[in-house]
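Visitor: Just dropping this structure here.
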Amino acid sequence: MATEENAIRKHDLDHYASRLAPSPTGLLHLGHAATFWTAYQRALEQDGTLLLRNEDLDPQRSKQQYVDAMIEDLAWLGIAWTPPMVVQSERIPLYREAFERLLASGHAYACTCSRRELAQMVAAPHEDADDEPVYTGRCRPAEGAVPQSLAPGMNYRFRVPDGDVVRFVDCNLGPQSFTAGGDFGDFLIWRKDGLPSYQLACVVDDAAMQITEVVRGADLLKSTARQILLQRALGLPAVQYFHTPLLRDERGMRLAKRHDALAIRTLRNKGLAPGDVLCMFGA
Ligand code: GLU
């Protein structure tokens with residue numbers, strides 16, 4: 001881990017670096033193309049580096065065919081990135097080291113709540129469909145309790161500082177603020193299958209890859225607040241953020257991977273040229 005620590009210390013904020021971070025659980029669609037095009041343009045404007053990270057931490061849903069497809073679709077769109085591609089499933093020890101540090105410093109605790117129990121804890125329908133419900137804190141130990149040790153087969157949550165307001169100025173959407181314990185609660189950082197959560201892996205990798213700006217969809221604004229708390233707890237450098245507006249279909253629904261009709265691949269197979277696809281989101 002020493003080399004990664006050094007990489008983090010050498011974090012060169014003068015050199016703009018950003019990343020594309022698709023999960024290979026489906027085909028890239030128009031929404032990805034819009035965000036990734038923005039990321040590419042920003043990296044070009046800053047004479048920076050654009051990296052590609054394969055976020056394949058969901059063993060059930062991640063498929064090699066989608067990794068191959070995303071590489072091909074990016075090339076077809078003309079979005080160039082600097083190899084090598086970073087593959088999250090190959091970096092588990094790095095995430096585990098960060099997780100153990102959070103556990104030892106009392107920032108994390110084991111949660112034995114089942115999926116079913118978690119679902120039952122939510123009394124009211126949860127208003128933000130893009131986000132998870134606020135955890136009630138059922139398994140949260142008392143403040144100042146002795147740090148727990150790592151036990152296999154357990155889920156672990158990050159203890160958020162209740163009432164603290166996390167603020168950041170988004171380079172696209174302006175000032176943002178989210179209250180820990182109100183807008184979001186204690187969130188998963190380590191899963192019982194021995195894998196990190198998206199939040200933890202993302203923060204560890206953004207630091208290790210020396211990312212200076214994260215460009216991603218506005219559905220992840222609250223995750224940014226969570227990730228800022230993780231960065232602080234781990235002593236990692238802050239980064240800047242540029243969240244892109246979400247594309248919606250004609251019924252106002254968010255474009256998700258299930259909208260196969262708007263998959264880059266489908267548009268391409270219909271005979272559209274890359275320029276036609278870019279025009280669809282005003283590039
Ligand atoms: N893998 C995430 C997704 O596809 C993106 C994460 C990020 O850009 O931080 O939604």
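Naming works like this for the structure tokens: A, B, ... for the chains as they're shown, residue 1 at the start of each chain, ligands 1 onward in shown order.
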Could you list, as a PyMOL selection string, all protein and nucleic acid residues with an atom at most 9 Å from ligand 1, counting only C-alpha atoms and all ligand atoms?

Guide: chain A and resi 19-25+32+53-56+198-199+202-203+206+214-217+219-220+223-224

Visitor: May I have the residues within 12 Å of Leu50 of chain A as a PyMOL selection string, using only C-alpha atoms and disregarding those fewer than 4 positions away in the same chain?

Guide: chain A and resi 15-21+36-46+79-86+209-215

Visitor: Go ahead and save the residues from that selection, with C-alpha atoms, as a PDB file, in the first residue's frame.

Guide:
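Output contents, as saved in out.pdb:
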ATOM      1  CA  HIS A  15      -2.607  18.987 -13.716  1.00  0.00           C
ATOM      2  CA  TYR A  16      -6.299  18.607 -14.531  1.00  0.00           C
ATOM      3  CA  ALA A  17      -7.366  14.966 -14.400  1.00  0.00           C
ATOM      4  CA  SER A  18     -10.869  13.615 -14.712  1.00  0.00           C
ATOM      5  CA  ARG A  19     -12.406  10.207 -15.227  1.00  0.00           C
ATOM      6  CA  LEU A  20     -15.232   8.310 -16.893  1.00  0.00           C
ATOM      7  CA  ALA A  21     -16.558   5.704 -14.462  1.00  0.00           C
ATOM      8  CA  PHE A  36     -18.888  11.665 -20.974  1.00  0.00           C
ATOM      9  CA  TRP A  37     -18.800  14.160 -23.849  1.00  0.00           C
ATOM     10  CA  THR A  38     -18.821  16.999 -21.303  1.00  0.00           C
ATOM     11  CA  ALA A  39     -16.012  15.304 -19.360  1.00  0.00           C
ATOM     12  CA  TYR A  40     -14.009  14.892 -22.548  1.00  0.00           C
ATOM     13  CA  GLN A  41     -14.496  18.534 -23.573  1.00  0.00           C
ATOM     14  CA  ARG A  42     -13.504  19.806 -20.134  1.00  0.00           C
ATOM     15  CA  ALA A  43     -10.351  17.691 -20.131  1.00  0.00           C
ATOM     16  CA  LEU A  44      -9.455  19.002 -23.611  1.00  0.00           C
ATOM     17  CA  GLU A  45     -10.072  22.632 -22.582  1.00  0.00           C
ATOM     18  CA  GLN A  46      -7.785  22.229 -19.577  1.00  0.00           C
ATOM     19  CA  ILE A  79     -14.228  10.267 -26.788  1.00  0.00           C
ATOM     20  CA  ALA A  80     -10.520   9.579 -26.237  1.00  0.00           C
ATOM     21  CA  TRP A  81      -9.199   8.514 -22.839  1.00  0.00           C
ATOM     22  CA  THR A  82      -5.711   7.720 -21.588  1.00  0.00           C
ATOM     23  CA  PRO A  83      -4.975   4.023 -20.927  1.00  0.00           C
ATOM     24  CA  PRO A  84      -4.601   1.853 -18.967  1.00  0.00           C
ATOM     25  CA  MET A  85      -8.196   1.365 -17.914  1.00  0.00           C
ATOM     26  CA  VAL A  86      -8.501   1.068 -14.131  1.00  0.00           C
ATOM     27  CA  MET A 209      -5.821   8.206  -9.690  1.00  0.00           C
ATOM     28  CA  GLN A 210      -5.067  11.833  -8.751  1.00  0.00           C
ATOM     29  CA  ILE A 211      -8.386  13.044 -10.094  1.00  0.00           C
ATOM     30  CA  THR A 212      -8.840  16.812  -9.753  1.00  0.00           C
ATOM     31  CA  GLU A 213     -12.381  17.093 -11.136  1.00  0.00           C
ATOM     32  CA  VAL A 214     -15.249  14.606 -11.052  1.00  0.00           C
ATOM     33  CA  VAL A 215     -17.723  15.057 -13.924  1.00  0.00           C
TER      34      VAL A 215
END

Visitor: Write out as an mmCIF file with C-alpha atoms, in the first residue's frame the residues lying within 7 Å of segment 147-150 of chain A, counting only C-alpha atoms and excluding same-chain residues fewer than 3 positions away.

Guide:
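Output file part-v4.cif is given in full below:
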data_model
loop_
_atom_site.group_PDB
_atom_site.id
_atom_site.type_symbol
_atom_site.label_atom_id
_atom_site.label_comp_id
_atom_site.auth_asym_id
_atom_site.auth_seq_id
_atom_site.Cartn_x
_atom_site.Cartn_y
_atom_site.Cartn_z
ATOM 1 C CA LEU A 103 -12.983 0.979 11.275
ATOM 2 C CA ALA A 104 -9.930 1.553 13.488
ATOM 3 C CA SER A 105 -10.708 5.262 13.791
ATOM 4 C CA GLY A 106 -14.294 4.569 14.885
ATOM 5 C CA TYR A 109 -19.624 -0.047 12.430
#

Visitor: Pick out the closest residue to Arg115 of chain A from this set: A:Thr49, A:Ser62, A:Asn155, A:Asn172. Count only C-alpha atoms.

Guide: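 Nearest to Arg115 of chain A: A:Asn155.
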
Visitor: What's around Ala151 of chain A at 12 Å? Count only C-alpha atoms, leave out sequence neighbours fewer than 6 positions away in its own chain, and write the answer as a list in words.

Guide: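 Within the cut-off, the hits are Glu100, Leu103, Tyr109, Ala110, Cys111, Thr112, Trp190, Arg191, Lys192, Asp193 and Gly194 of chain A.
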
Visitor: Got a sec to tell me which of segment 40-149 of chain A DSSP assigns to strand (DSSP E or B), as a ChimeraX atom specification?

Guide: /A:49-54,86-87,108-111
